[in-house]
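Colleague: I have a structure here, written as structure tokens, and I will follow up with some questions on it.
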Amino acid sequence: MSEDKNGGQDKALKSREFQTFKKWMSNRLGSGQAIEQLRAGYGGSKGLWPAEFVQYLYFEGLRDEQITQDLTALKRAFKLSGLDPSVWGTYEVKAAKNRCGRTVDEIRARMHGQLAREKYPIPFEGLWDMREESKAATTRWDETTTAKEADLVISYIVACIMFDVGVRGSNVAVTAMEKAAPEQEDTVKAHDLPAYWAKYPPDTEYGRAQRLSIVYPTSKTGEGKGGAEAVHPATIGRRSGLESELLDLICAFKFWNRRTYAEEAFFVRRPVDKHTKKDGSNTYPPKKIRICDTVKLSKRVAERRDRI
């Protein structure tokens, strides 16, 4: 058997579905060697005990398609372990499955749960309201800027990037790294900006950025050739007045932030507020702006609109 097949067999035999079945059958037979006894022909009628297991899954809270998924996984595990997978296709099993549908109340509860988890695209009007709520256009990035003011504006920036590229929120707010992007002659990496801005301040002709590419690598979107990590840049330019304002806002934040370390999350706000520890010492911790901060800002906007 090849290495891949061995890996698939190990995965199938260690699956939740197969382990649940082993535990149930061991209790039924009163033995810890349930699988070995099944191979030897013990367990009773091959139509009855699988149907009993389907009933067990039902009383454990599984319904309809959930039981079907479990039985599919069990068929695979049975085949790989040398057992007869056809026991899960008998008339008795099919009859037991037909009695495992949801009640009206269960269907209603399931639909309410699906509606509660439904994600809707943020309208542009809501994004504009977040801009007004955060005071992004009027915030002064200097030594008087408070942590609260900075966090609100950064949360708005995260919302803008999500609105523009539709990327997973957690990837934008937390895993957006200053990693290598496709090189161009006029490109400056984020962690090299302090040295560049020392020569060309961001409000000068050569210091004013014309575009910004934020790279947010994520293993959730697959791998490139040779196992390389997939890289998806979010590019902000000057194609409109609002986009130009956003680009200037991000540059102003990075210039004020002074935290430009390679391999660091992009939206980490530098220490501002003083915190006193239990031992009496003071600390000025940085803060990583997360998607929950942007959600809080959007909720503030929604609550204010409800009061109008």
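Residue names in the structure tokens use chain letters A, B, ... in the order shown, residue numbers from 1 in each chain, and ligand numbers from 1 in the order shown.
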Tell me, as a VMD selection string, which residues lie within 12 Å of A:Gly89, counting only C-alpha atoms; anything in the same chain fewer than 2 positions away does not count.
Modeller: chain A and resid 46 to 48 50 to 51 54 68 71 to 72 74 to 75 84 to 87 91 to 97
Colleague: Limited to N, CA and C atoms, could you put the picked residues into a file as an mmCIF file, in the first residue's frame?
Modeller:
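The new file selection_32.cif reads:
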data_model
loop_
_atom_site.group_PDB
_atom_site.id
_atom_site.type_symbol
_atom_site.label_atom_id
_atom_site.label_comp_id
_atom_site.auth_asym_id
_atom_site.auth_seq_id
_atom_site.Cartn_x
_atom_site.Cartn_y
_atom_site.Cartn_z
ATOM 1 N N LYS A 46 -26.477 -8.386 10.275
ATOM 2 C CA LYS A 46 -25.783 -7.223 9.727
ATOM 3 C C LYS A 46 -26.737 -6.113 9.324
ATOM 4 N N GLY A 47 -28.032 -6.374 9.322
ATOM 5 C CA GLY A 47 -28.988 -5.319 9.035
ATOM 6 C C GLY A 47 -29.480 -4.620 10.283
ATOM 7 N N LEU A 48 -29.507 -5.340 11.419
ATOM 8 C CA LEU A 48 -30.112 -4.777 12.624
ATOM 9 C C LEU A 48 -29.179 -3.857 13.392
ATOM 10 N N PRO A 50 -26.506 -2.103 12.406
ATOM 11 C CA PRO A 50 -26.281 -0.793 11.779
ATOM 12 C C PRO A 50 -27.487 0.126 11.917
ATOM 13 N N ALA A 51 -28.709 -0.452 11.827
ATOM 14 C CA ALA A 51 -29.915 0.352 12.007
ATOM 15 C C ALA A 51 -30.001 0.878 13.435
ATOM 16 N N VAL A 54 -27.809 3.874 13.657
ATOM 17 C CA VAL A 54 -28.454 5.055 13.071
ATOM 18 C C VAL A 54 -29.412 5.677 14.092
ATOM 19 N N THR A 68 -26.270 10.968 7.117
ATOM 20 C CA THR A 68 -25.778 10.511 5.809
ATOM 21 C C THR A 68 -24.270 10.737 5.698
ATOM 22 N N LEU A 71 -22.445 8.147 7.850
ATOM 23 C CA LEU A 71 -22.458 6.811 7.256
ATOM 24 C C LEU A 71 -21.515 6.725 6.060
ATOM 25 N N THR A 72 -21.394 7.799 5.304
ATOM 26 C CA THR A 72 -20.441 7.819 4.185
ATOM 27 C C THR A 72 -19.018 7.649 4.693
ATOM 28 N N LEU A 74 -18.191 6.216 7.500
ATOM 29 C CA LEU A 74 -18.069 4.861 8.044
ATOM 30 C C LEU A 74 -17.857 3.831 6.930
ATOM 31 N N LYS A 75 -18.536 4.007 5.789
ATOM 32 C CA LYS A 75 -18.332 3.092 4.664
ATOM 33 C C LYS A 75 -16.865 3.086 4.239
ATOM 34 N N ASP A 84 -17.007 -5.149 6.029
ATOM 35 C CA ASP A 84 -17.962 -5.101 4.925
ATOM 36 C C ASP A 84 -18.700 -3.764 4.922
ATOM 37 N N PRO A 85 -18.427 -2.877 3.956
ATOM 38 C CA PRO A 85 -19.100 -1.572 3.941
ATOM 39 C C PRO A 85 -20.560 -1.655 3.510
ATOM 40 N N SER A 86 -20.975 -2.801 2.937
ATOM 41 C CA SER A 86 -22.350 -2.903 2.445
ATOM 42 C C SER A 86 -23.372 -2.937 3.566
ATOM 43 N N VAL A 87 -22.918 -3.125 4.825
ATOM 44 C CA VAL A 87 -23.875 -3.175 5.939
ATOM 45 C C VAL A 87 -24.589 -1.831 6.102
ATOM 46 N N TYR A 91 -31.615 -2.514 3.737
ATOM 47 C CA TYR A 91 -32.979 -1.983 3.838
ATOM 48 C C TYR A 91 -33.245 -1.422 5.234
ATOM 49 N N GLU A 92 -32.762 -2.133 6.259
ATOM 50 C CA GLU A 92 -32.997 -1.699 7.634
ATOM 51 C C GLU A 92 -32.363 -0.336 7.909
ATOM 52 N N VAL A 93 -31.168 -0.133 7.383
ATOM 53 C CA VAL A 93 -30.489 1.149 7.579
ATOM 54 C C VAL A 93 -31.241 2.268 6.860
ATOM 55 N N LYS A 94 -31.675 1.992 5.636
ATOM 56 C CA LYS A 94 -32.423 3.009 4.888
ATOM 57 C C LYS A 94 -33.733 3.354 5.581
ATOM 58 N N ALA A 95 -34.404 2.359 6.130
ATOM 59 C CA ALA A 95 -35.652 2.615 6.846
ATOM 60 C C ALA A 95 -35.402 3.439 8.101
ATOM 61 N N ALA A 96 -34.297 3.142 8.801
ATOM 62 C CA ALA A 96 -33.973 3.904 10.006
ATOM 63 C C ALA A 96 -33.642 5.353 9.662
ATOM 64 N N LYS A 97 -32.910 5.554 8.554
ATOM 65 C CA LYS A 97 -32.567 6.924 8.128
ATOM 66 C C LYS A 97 -33.805 7.720 7.762
#
Colleague: With the cut-off set at 9 Å and counting only C-alpha atoms, tabulate each residue of stretch 69-150 of chain A with an atom at most that distance from an atom of stretch 18-33 of chain A, showing the nearest atom pair and its distance in Å to one decimal, ordered by chain and increasing number, as JSON lines.
Modeller:
{"residue": "A:Asp70", "atom": "CA", "partner": "A:Phe18", "partner_atom": "CA", "distance": 8.5}
{"residue": "A:Ala73", "atom": "CA", "partner": "A:Phe18", "partner_atom": "CA", "distance": 7.5}
{"residue": "A:Leu74", "atom": "CA", "partner": "A:Phe18", "partner_atom": "CA", "distance": 5.9}
{"residue": "A:Ala77", "atom": "CA", "partner": "A:Phe18", "partner_atom": "CA", "distance": 6.7}
{"residue": "A:Phe78", "atom": "CA", "partner": "A:Phe18", "partner_atom": "CA", "distance": 8.5}
Colleague: Any idea what's packed within 8 Å of A:Ile236, counting only C-alpha atoms, ignoring anything in its chain fewer than 3 positions away? Could you give it as a ChimeraX atom specification?
Modeller: /A:211-213,243,246-247
Colleague: Please produce an output containing N, CA and C atoms for each residue in the selection, written as a compact mmCIF listing (two decimals), in the first residue's frame.
Modeller:
# COMPACT_ATOMS: atom_id res chain seq x y z
N ARG A 211 0.70 54.54 -4.93
CA ARG A 211 -0.08 53.31 -4.74
C ARG A 211 0.48 52.58 -3.51
N LEU A 212 -0.32 51.67 -2.99
CA LEU A 212 0.09 50.89 -1.82
C LEU A 212 -0.43 49.48 -2.01
N SER A 213 0.44 48.50 -1.89
CA SER A 213 0.04 47.10 -1.98
C SER A 213 0.26 46.45 -0.62
N GLU A 243 -10.42 57.23 -2.74
CA GLU A 243 -9.32 56.28 -2.68
C GLU A 243 -8.01 57.01 -2.42
N LEU A 246 -7.85 57.72 1.19
CA LEU A 246 -7.51 56.51 1.93
C LEU A 246 -6.02 56.22 1.88
N LEU A 247 -5.42 56.39 0.71
CA LEU A 247 -3.98 56.15 0.57
C LEU A 247 -3.18 57.12 1.44
Colleague: Would you compute the distance between atom CA of A:Glu52 and atom CA of A:Ala34? Give it in Å to one decimal.
Modeller: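 Those two atoms sit 15.4 Å apart.
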Colleague: Using only C-alpha atoms, which of the listed residues (A:Glu303, A:Glu143, A:Asp248, A:Lys189) sits closest to A:Gln210?
Modeller: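 Closest to A:Gln210 of all the choices is A:Asp248.
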